[in-house]
file model04.cif (mmCIF, C-alpha atoms and all ligand atoms)
data_entry
loop_
_atom_site.label_atom_id
_atom_site.label_comp_id
_atom_site.auth_asym_id
_atom_site.auth_seq_id
_atom_site.Cartn_x
_atom_site.Cartn_y
_atom_site.Cartn_z
CA MET M 1 0.00 0.00 0.00
CA PRO M 2 1.58 3.35 -0.99
CA ALA M 3 2.09 6.03 1.68
CA ILE M 4 -0.68 8.65 1.79
CA SER M 5 0.22 12.28 2.34
CA ALA M 6 -1.95 15.34 3.01
CA SER M 7 -1.10 18.89 3.94
CA ALA M 8 -2.87 21.99 5.28
CA PRO M 9 -1.89 25.68 5.26
CA GLY M 10 -1.39 28.17 8.06
CA LYS M 11 -3.79 31.07 8.45
CA VAL M 12 -4.03 34.68 9.56
CA ILE M 13 -7.02 36.48 10.96
CA LEU M 14 -7.38 39.73 9.02
CA PHE M 15 -10.10 41.19 11.23
CA GLY M 16 -12.10 40.20 14.29
CA GLU M 17 -10.04 37.85 16.52
CA HIS M 18 -11.34 37.40 20.08
CA ALA M 19 -14.68 39.13 19.34
CA VAL M 20 -15.41 36.11 17.09
CA VAL M 21 -15.47 33.89 20.19
CA TYR M 22 -18.47 35.98 21.38
CA GLY M 23 -20.56 35.71 18.21
CA GLN M 24 -19.17 38.60 16.17
CA PRO M 25 -18.00 37.93 12.58
CA ALA M 26 -14.32 37.63 11.66
CA ILE M 27 -12.34 37.37 8.42
CA ALA M 28 -9.47 34.90 7.99
CA VAL M 29 -7.33 33.84 5.03
CA PRO M 30 -5.06 30.84 4.41
CA VAL M 31 -1.29 31.29 4.34
CA ASN M 32 0.14 28.80 1.88
CA GLN M 33 3.78 29.66 2.44
CA VAL M 34 3.72 27.59 5.64
CA ARG M 35 2.11 24.13 5.87
CA ALA M 36 1.63 21.12 8.11
CA ARG M 37 1.93 17.67 6.54
CA ALA M 38 0.95 14.15 7.62
CA ILE M 39 2.20 11.01 5.90
CA VAL M 40 0.62 7.66 6.74
CA SER M 41 2.54 4.49 5.78
CA ALA M 42 1.44 0.89 6.20
CA ARG M 43 3.55 -1.44 8.38
CA PRO M 44 2.47 -4.93 7.29
CA ASP M 45 5.29 -6.37 9.43
CA ARG M 46 3.47 -5.22 12.58
CA PRO M 47 0.27 -6.59 14.17
CA ARG M 48 -3.12 -5.02 13.41
CA GLY M 49 -3.92 -2.00 15.57
CA TRP M 50 -0.23 -1.01 15.91
CA VAL M 51 -0.07 2.77 15.36
CA SER M 52 3.14 4.70 15.75
CA LEU M 53 3.48 8.49 15.69
CA GLN M 54 6.50 10.53 14.69
CA ALA M 55 6.53 14.31 15.04
CA PRO M 56 10.24 15.22 14.84
CA ASP M 57 9.54 19.00 15.06
CA ILE M 58 8.35 18.57 18.64
CA GLY M 59 10.64 15.63 19.46
CA LEU M 60 7.78 13.13 19.67
CA GLU M 61 8.09 9.46 18.80
CA SER M 62 5.48 7.29 20.47
CA SER M 63 2.92 4.59 19.98
CA LEU M 64 -0.67 5.80 19.96
CA GLU M 65 -1.33 3.65 23.04
CA GLU M 66 1.30 5.47 25.06
CA LEU M 67 -0.08 8.95 24.35
CA PRO M 68 -2.60 10.35 26.84
CA ALA M 69 -6.15 10.28 25.42
CA ASP M 70 -6.30 14.09 25.63
CA ASN M 71 -3.20 14.56 23.47
CA PRO M 72 -4.31 16.61 20.41
CA LEU M 73 -2.66 14.23 17.91
CA SER M 74 -4.23 11.20 19.53
CA LEU M 75 -7.64 12.91 19.58
CA ALA M 76 -7.40 13.70 15.84
CA ILE M 77 -6.54 10.05 15.12
CA SER M 78 -9.23 8.54 17.32
CA GLY M 79 -11.74 11.00 15.79
CA VAL M 80 -10.98 9.54 12.36
CA PHE M 81 -11.23 5.92 13.62
CA LYS M 82 -14.66 6.76 15.03
CA ALA M 83 -15.87 8.68 11.96
CA THR M 84 -14.80 5.94 9.55
CA ASN M 85 -16.19 3.24 11.82
CA ILE M 86 -13.22 1.06 11.07
CA SER M 87 -13.13 -2.22 13.00
CA ARG M 88 -9.75 -3.64 11.93
CA ILE M 89 -7.08 -0.97 12.07
CA PRO M 90 -4.12 -1.77 9.82
CA ALA M 91 -0.66 -1.27 11.36
CA MET M 92 0.74 2.13 10.39
CA VAL M 93 3.19 4.94 11.04
CA ILE M 94 1.90 8.53 11.01
CA ARG M 95 4.63 11.10 10.46
CA ILE M 96 3.83 14.76 11.07
CA THR M 97 5.97 17.70 10.02
CA SER M 98 5.16 21.39 9.92
CA THR M 99 6.73 24.68 8.89
CA ILE M 100 4.04 26.64 10.75
CA PRO M 101 5.48 28.22 13.91
CA ILE M 102 3.82 26.93 17.10
CA ALA M 103 1.93 29.32 19.44
CA ALA M 104 2.29 32.15 16.94
CA GLY M 105 -1.32 32.78 15.89
CA LEU M 106 -0.85 31.05 12.53
CA GLY M 107 -3.14 28.09 13.19
CA SER M 108 -0.47 25.40 13.58
CA GLY M 109 -2.66 23.20 15.81
CA ALA M 110 -5.63 23.23 13.44
CA ALA M 111 -3.39 22.65 10.40
CA VAL M 112 -1.77 19.58 11.98
CA SER M 113 -5.24 18.20 12.81
CA VAL M 114 -6.58 18.78 9.29
CA ALA M 115 -3.51 17.16 7.69
CA ILE M 116 -3.81 14.08 9.95
CA ILE M 117 -7.57 13.74 9.44
CA ARG M 118 -7.24 13.96 5.64
CA ALA M 119 -4.25 11.61 5.28
CA LEU M 120 -5.56 9.01 7.73
CA SER M 121 -9.13 8.88 6.41
CA GLU M 122 -7.80 8.47 2.89
CA PHE M 123 -5.36 5.78 4.06
CA LEU M 124 -8.33 3.91 5.55
CA GLY M 125 -10.12 4.12 2.19
CA GLN M 126 -12.78 6.57 3.41
CA PRO M 127 -11.66 10.14 2.63
CA LEU M 128 -13.86 12.48 4.65
CA PRO M 129 -15.64 15.48 3.10
CA ASP M 130 -14.43 18.97 4.05
CA GLU M 131 -17.34 19.63 6.37
CA GLN M 132 -16.52 16.58 8.47
CA VAL M 133 -12.78 17.29 8.39
CA SER M 134 -13.48 20.74 9.82
CA ILE M 135 -15.82 19.39 12.54
CA LEU M 136 -13.28 16.77 13.67
CA ALA M 137 -10.52 19.40 13.73
CA TYR M 138 -12.83 21.64 15.78
CA GLU M 139 -13.12 18.89 18.42
CA VAL M 140 -9.32 18.92 18.73
CA GLU M 141 -9.26 22.75 18.85
CA LYS M 142 -11.34 22.53 22.03
CA LEU M 143 -8.28 20.94 23.69
CA HIS M 144 -5.94 23.69 22.53
CA HIS M 145 -8.22 26.31 24.03
CA GLY M 146 -11.51 25.58 25.73
CA THR M 147 -13.81 27.90 23.76
CA PRO M 148 -12.56 28.10 20.16
CA SER M 149 -14.74 29.99 17.72
CA GLY M 150 -14.03 27.40 15.01
CA ILE M 151 -12.57 29.95 12.58
CA ASP M 152 -9.09 28.34 12.46
CA ASN M 153 -10.26 24.84 11.50
CA THR M 154 -12.69 26.38 8.98
CA VAL M 155 -10.27 28.57 7.01
CA ILE M 156 -7.57 25.88 7.13
CA THR M 157 -9.91 23.15 5.88
CA TYR M 158 -11.39 25.18 3.00
CA GLU M 159 -8.15 27.04 2.09
CA LYS M 160 -10.16 30.09 0.98
CA PRO M 161 -10.78 33.51 2.54
CA VAL M 162 -13.72 33.15 4.94
CA TYR M 163 -16.16 35.47 6.69
CA TYR M 164 -17.10 33.45 9.73
CA VAL M 165 -19.74 33.69 12.45
CA ARG M 166 -19.77 31.25 15.34
CA THR M 167 -23.11 29.58 16.05
CA PRO M 168 -24.47 30.04 19.60
CA GLU M 169 -23.79 26.35 20.39
CA GLY M 170 -20.19 26.91 19.30
CA GLU M 171 -20.22 23.98 16.89
CA ALA M 172 -19.28 24.39 13.21
CA GLY M 173 -20.11 28.04 12.59
CA GLN M 174 -21.60 29.74 9.59
CA VAL M 175 -19.10 30.27 6.77
CA ASP M 176 -19.42 32.68 3.86
CA ARG M 177 -16.77 32.34 1.21
CA PHE M 178 -16.86 35.86 -0.12
CA ASN M 179 -15.40 37.43 -3.22
CA VAL M 180 -12.02 39.17 -3.11
CA ALA M 181 -12.63 41.69 -5.90
CA LYS M 182 -8.99 42.81 -6.08
CA PRO M 183 -6.00 40.85 -4.71
CA PHE M 184 -4.03 42.58 -1.96
CA THR M 185 -0.75 41.99 -0.16
CA ILE M 186 -0.33 41.16 3.51
CA LEU M 187 3.00 41.18 5.30
CA ILE M 188 3.19 38.92 8.36
CA GLY M 189 5.79 39.68 11.05
CA ASP M 190 6.68 37.32 13.88
CA SER M 191 7.35 38.96 17.25
CA GLY M 192 9.30 35.83 18.21
CA VAL M 193 7.38 35.64 21.49
CA PRO M 194 5.43 32.36 21.78
CA SER M 195 1.93 32.95 23.10
CA PRO M 196 -0.53 30.05 23.39
CA THR M 197 -4.01 31.13 22.25
CA ALA M 198 -5.52 29.34 25.26
CA VAL M 199 -3.98 31.91 27.62
CA THR M 200 -5.19 35.08 25.86
CA VAL M 201 -8.63 33.60 25.16
CA GLY M 202 -8.90 32.72 28.86
CA ASP M 203 -7.75 36.20 29.95
CA VAL M 204 -10.28 37.92 27.66
CA ARG M 205 -12.99 35.67 29.09
CA SER M 206 -12.07 36.63 32.67
CA ALA M 207 -12.00 40.33 31.77
CA TRP M 208 -15.38 40.01 29.98
CA GLN M 209 -16.86 38.29 33.05
CA GLU M 210 -15.54 41.07 35.27
CA LYS M 211 -16.23 44.14 33.10
CA GLY M 212 -19.15 42.83 31.00
CA ILE M 213 -20.48 45.93 29.28
CA LEU M 214 -17.08 47.42 28.37
CA TYR M 215 -16.03 44.19 26.63
CA GLU M 216 -19.44 43.78 24.98
CA ARG M 217 -18.88 47.21 23.42
CA LEU M 218 -15.37 46.33 22.28
CA PHE M 219 -16.68 43.14 20.65
CA ALA M 220 -19.59 44.95 18.95
CA SER M 221 -17.27 47.70 17.60
CA THR M 222 -14.97 44.96 16.28
CA GLY M 223 -17.90 43.27 14.54
CA ALA M 224 -18.82 46.58 12.84
CA ILE M 225 -15.23 46.93 11.55
CA VAL M 226 -15.30 43.37 10.21
CA ASN M 227 -18.47 44.09 8.25
CA GLN M 228 -16.99 47.28 6.77
CA ALA M 229 -13.83 45.34 5.85
CA ARG M 230 -15.87 42.66 4.11
CA GLY M 231 -17.64 45.34 2.06
CA ALA M 232 -14.31 46.95 1.14
CA ILE M 233 -12.80 43.60 0.08
CA GLU M 234 -15.86 42.72 -2.00
CA ASN M 235 -15.75 46.15 -3.68
CA GLY M 236 -12.01 46.10 -4.29
CA ASP M 237 -11.68 49.21 -2.09
CA ILE M 238 -8.30 48.20 -0.66
CA ALA M 239 -7.46 51.75 0.48
CA ALA M 240 -10.26 51.50 3.07
CA LEU M 241 -8.74 48.39 4.68
CA GLY M 242 -5.64 50.04 6.20
CA PRO M 243 -7.50 52.42 8.53
CA LEU M 244 -9.88 49.57 9.46
CA MET M 245 -6.89 47.45 10.51
CA ASP M 246 -5.63 50.31 12.66
CA GLU M 247 -9.05 50.67 14.31
CA ASN M 248 -9.22 46.93 14.94
CA GLN M 249 -5.76 47.09 16.55
CA ASP M 250 -6.90 49.91 18.89
CA LEU M 251 -9.75 47.68 20.07
CA LEU M 252 -7.40 44.72 20.59
CA VAL M 253 -5.12 46.95 22.68
CA LYS M 254 -8.16 47.87 24.79
CA MET M 255 -9.01 44.16 25.16
CA GLY M 256 -5.52 43.75 26.67
CA VAL M 257 -4.15 41.30 24.10
CA SER M 258 -1.41 43.38 22.48
CA SER M 259 2.14 43.61 23.87
CA ALA M 260 5.11 45.97 23.77
CA GLU M 261 6.73 43.86 21.01
CA LEU M 262 3.57 43.75 18.88
CA ASP M 263 2.91 47.50 19.35
CA HIS M 264 6.48 48.19 18.29
CA LEU M 265 6.20 46.08 15.11
CA VAL M 266 2.81 47.62 14.26
CA ARG M 267 4.34 51.12 14.56
CA ALA M 268 7.41 50.11 12.55
CA ALA M 269 5.24 48.75 9.73
CA ARG M 270 3.17 51.94 9.56
CA GLN M 271 6.31 54.12 9.60
CA ALA M 272 7.82 52.07 6.77
CA GLY M 273 4.77 52.67 4.56
CA ALA M 274 2.14 50.06 5.47
CA TYR M 275 -1.47 51.24 4.94
CA GLY M 276 -2.46 49.74 8.29
CA ALA M 277 -1.30 47.09 10.78
CA LYS M 278 -2.53 45.00 13.69
CA LEU M 279 -1.78 41.89 15.69
CA SER M 280 -3.25 38.68 14.33
CA GLY M 281 -4.60 35.69 16.25
CA GLY M 282 -4.49 35.37 20.03
CA GLY M 283 -2.02 38.23 20.58
CA ARG M 284 0.45 39.07 23.44
CA GLY M 285 3.08 37.59 21.12
CA GLY M 286 2.96 35.59 17.92
CA ASN M 287 2.41 37.45 14.68
CA MET M 288 1.25 40.83 13.47
CA ILE M 289 0.06 41.67 9.96
CA ALA M 290 0.31 44.77 7.79
CA LEU M 291 -1.49 45.75 4.61
CA VAL M 292 1.30 46.83 2.26
CA PRO M 293 1.80 47.94 -1.35
CA ARG M 294 3.04 44.90 -3.34
CA GLU M 295 6.03 46.86 -4.70
CA THR M 296 7.42 47.82 -1.27
CA ALA M 297 6.50 44.66 0.67
CA GLU M 298 10.13 43.48 0.87
CA GLN M 299 11.35 46.88 2.04
CA ILE M 300 8.73 46.99 4.79
CA ALA M 301 9.66 43.40 5.71
CA ASP M 302 13.28 44.56 6.15
CA ALA M 303 12.05 47.38 8.40
CA LEU M 304 10.19 44.82 10.54
CA ILE M 305 13.32 42.68 10.87
CA SER M 306 15.29 45.78 11.92
CA ALA M 307 12.56 46.47 14.48
CA GLY M 308 13.02 42.98 15.99
CA ALA M 309 10.75 40.64 13.99
CA THR M 310 12.23 37.14 13.92
CA ASN M 311 10.62 36.21 10.59
CA THR M 312 8.41 37.71 7.90
CA ILE M 313 6.12 36.26 5.23
CA VAL M 314 4.61 38.12 2.30
CA THR M 315 1.32 36.66 1.13
CA GLU M 316 -1.22 37.62 -1.50
CA VAL M 317 -4.93 37.52 -0.58
CA LYS M 318 -7.07 36.41 -3.50
CA ASN M 319 -10.02 34.16 -4.23
C1 LIG M 401 -7.31 32.45 17.14
O1 LIG M 401 -6.75 32.26 15.86
C2 LIG M 401 -8.40 33.46 17.10
C3 LIG M 401 -9.12 33.74 18.41
O2 LIG M 401 -10.21 34.59 18.07
C4 LIG M 401 -9.61 32.49 19.08
C5 LIG M 401 -10.72 31.80 18.31
O3 LIG M 401 -11.34 32.38 17.44
O4 LIG M 401 -11.00 30.63 18.65
C6 LIG M 401 -8.22 34.50 19.37
#
call {"tool": "encode", "arguments": {"input": "model04.cif", "output": "structure tokens", "more": "lines below"}}
Ligand code: MEV
result
Amino acid sequence: MPAISASAPGKVILFGEHAVVYGQPAIAVPVNQVRARAIVSARPDRPRGWVSLQAPDIGLESSLEELPADNPLSLAISGVFKATNISRIPAMVIRITSTIPIAAGLGSGAAVSVAIIRALSEFLGQPLPDEQVSILAYEVEKLHHGTPSGIDNTVITYEKPVYYVRTPEGEAGQVDRFNVAKPFTILIGDSGVPSPTAVTVGDVRSAWQEKGILYERLFASTGAIVNQARGAIENGDIAALGPLMDENQDLLVKMGVSSAELDHLVRAARQAGAYGAKLSGGGRGGNMIALVPRETAEQIADALISAGATNTIVTEVKN
């Protein structure tokens, strides 16, 4: 049996992180320059049910049995076994590699889950449809942080720009794949500070519980910005997006999820000629994004590196 391989991209949230957890819309796009990959190979020399996992990037080599049941990789695998209703599991090795930085707001957890779910279900002869891939990956996301909106697994599964609204039950939300009338360029800058999404999502929840109305207003204002941004993207009015990013960043600062490093990179991007800039994802560390002219993207990337970014990616947003 030939080895089966599947991959999934990273992602950035263009507008609306955190507020999306509370029912506001958000816009996210895939980032194809970084990917997670899973390769499943048969091991006919081993007994049925023998499953071995190799994830060299995180120094993991283990049998499935030995992993705790709440390990994200093991949950993705057992989710596929359940969904495919397979009774006799062939012996296999699952190898996972990824170029998506961990705890950086680029969706590495969801991308690893999607790659595993796709490769394994195909290996078992029952490739799952996108909708089910996304739902299974969402179940794993719940481990990474208790109350995920579901936007990461959605954009990473469909690999298209999405306008996303969480359903009240929190299960697979409502997805609109909207039209990007005119492609535009996003520069991603890594602050180099790892920041697990679970922590910032938890902190925003505590602050919302304590200061209810203030946070409700911040979320509602964010939602209004997201809707304006969607209109601008659909109309090809790219000039309008920069100031909207800046406004979204101000709200994220007020939510308490920016950091000195992110603020510094956001300022550096604007000074170097970006139309607008903000943090992206959970915040406090991880990545920021800037809307930049295509022609000067590399120059602005150099300015970010000089300002302390540990890595940059230039990506084009299009349909
Ligand atoms: C994480 O990429 C985005 C957050 O809004 C969390 C979520 O939507 O689950 C911070």
call {"tool": "residues_around", "arguments": {"input": "model04.cif", "residues": "Arg35 (chain M)", "least_positions_apart": "4", "cutoff": "9 Å", "atoms": "only C-alpha atoms", "output": "list in words"}}
result
Ser7, Ala8, Pro9, Gly10, Val31, Thr97, Ser98, Thr99, Ile100, Ser108, Ala111 and Val112 of chain M
call {"tool": "residues_around", "arguments": {"input": "model04.cif", "residues": "Leu218 (chain M)", "least_positions_apart": "2", "cutoff": "10 Å", "atoms": "all atoms listed in the file", "output": "list in words"}}
result
Ala19, Trp208, Ile213, Leu214, Tyr215, Glu216, Ala220, Ser221, Thr222, Gly223, Asn248, Asp250, Leu251, Leu252, Lys254 and Met255 of chain M
call {"tool": "residues_near_point", "arguments": {"input": "model04.cif", "point": "(-11.1, 12.7, 20.2)", "cutoff": "12 Å", "atoms": "all atoms listed in the file", "output": "ChimeraX atom specification"}}
result
/M:68-83,113,117,135-143
call {"tool": "closest_residue", "arguments": {"input": "model04.cif", "among": "M:Asn32, M:Asn235, M:Asn85, M:Ser280", "to": "ligand LIG 401 (chain M)", "atoms": "all atoms listed in the file"}}
result
M:Ser280
call {"tool": "closest_atom_pairs", "arguments": {"input": "model04.cif", "of": "chain M", "to": "ligand LIG 401 (chain M)", "cutoff": "6 Å", "atoms": "only C-alpha atoms and all ligand atoms", "output": "CSV"}}
result
residue,atom,partner,partner_atom,distance
M:Glu17,CA,M:LIG401,O2,3.6
M:His18,CA,M:LIG401,O2,3.6
M:Val20,CA,M:LIG401,O2,5.5
M:Val21,CA,M:LIG401,O3,5.2
M:Gly105,CA,M:LIG401,O1,5.5
M:Pro148,CA,M:LIG401,O4,3.3
M:Ser149,CA,M:LIG401,O4,3.9
M:Gly150,CA,M:LIG401,O4,5.7
M:Ile151,CA,M:LIG401,O3,5.6
M:Asp152,CA,M:LIG401,O1,5.7
M:Val201,CA,M:LIG401,C6,5.9
M:Gly281,CA,M:LIG401,O1,4.1
M:Gly282,CA,M:LIG401,C6,3.9
call {"tool": "atom_distance", "arguments": {"input": "model04.cif", "atom1": "CA of Ala28 (chain M)", "atom2": "CA of Tyr163 (chain M)"}}
result
6.8 Å
call {"tool": "closest_residue", "arguments": {"input": "model04.cif", "among": "M:Ala42, M:Glu261, M:Ile58, M:Ile300", "to": "Gly283 (chain M)", "atoms": "all atoms listed in the file"}}
result
M:Glu261
call {"tool": "residues_around", "arguments": {"input": "model04.cif", "residues": "Asp130 (chain M)", "least_positions_apart": "3", "cutoff": "10 Å", "atoms": "all atoms listed in the file", "output": "PDB file with C-alpha atoms, in the frame of the given file"}}
result
ATOM      1  CA  VAL M 114      -6.580  18.780   9.290  1.00  0.00           C
ATOM      2  CA  ARG M 118      -7.240  13.960   5.640  1.00  0.00           C
ATOM      3  CA  PRO M 127     -11.660  10.140   2.630  1.00  0.00           C
ATOM      4  CA  VAL M 133     -12.780  17.290   8.390  1.00  0.00           C
ATOM      5  CA  SER M 134     -13.480  20.740   9.820  1.00  0.00           C
ATOM      6  CA  ILE M 135     -15.820  19.390  12.540  1.00  0.00           C
ATOM      7  CA  LEU M 136     -13.280  16.770  13.670  1.00  0.00           C
ATOM      8  CA  THR M 154     -12.690  26.380   8.980  1.00  0.00           C
ATOM      9  CA  THR M 157      -9.910  23.150   5.880  1.00  0.00           C
ATOM     10  CA  TYR M 158     -11.390  25.180   3.000  1.00  0.00           C
TER      11      TYR M 158
END
call {"tool": "closest_residue", "arguments": {"input": "model04.cif", "among": "M:Ala26, M:Ile313, M:Val93, M:Val257", "to": "Val175 (chain M)", "atoms": "only C-alpha atoms"}}
result
M:Ala26
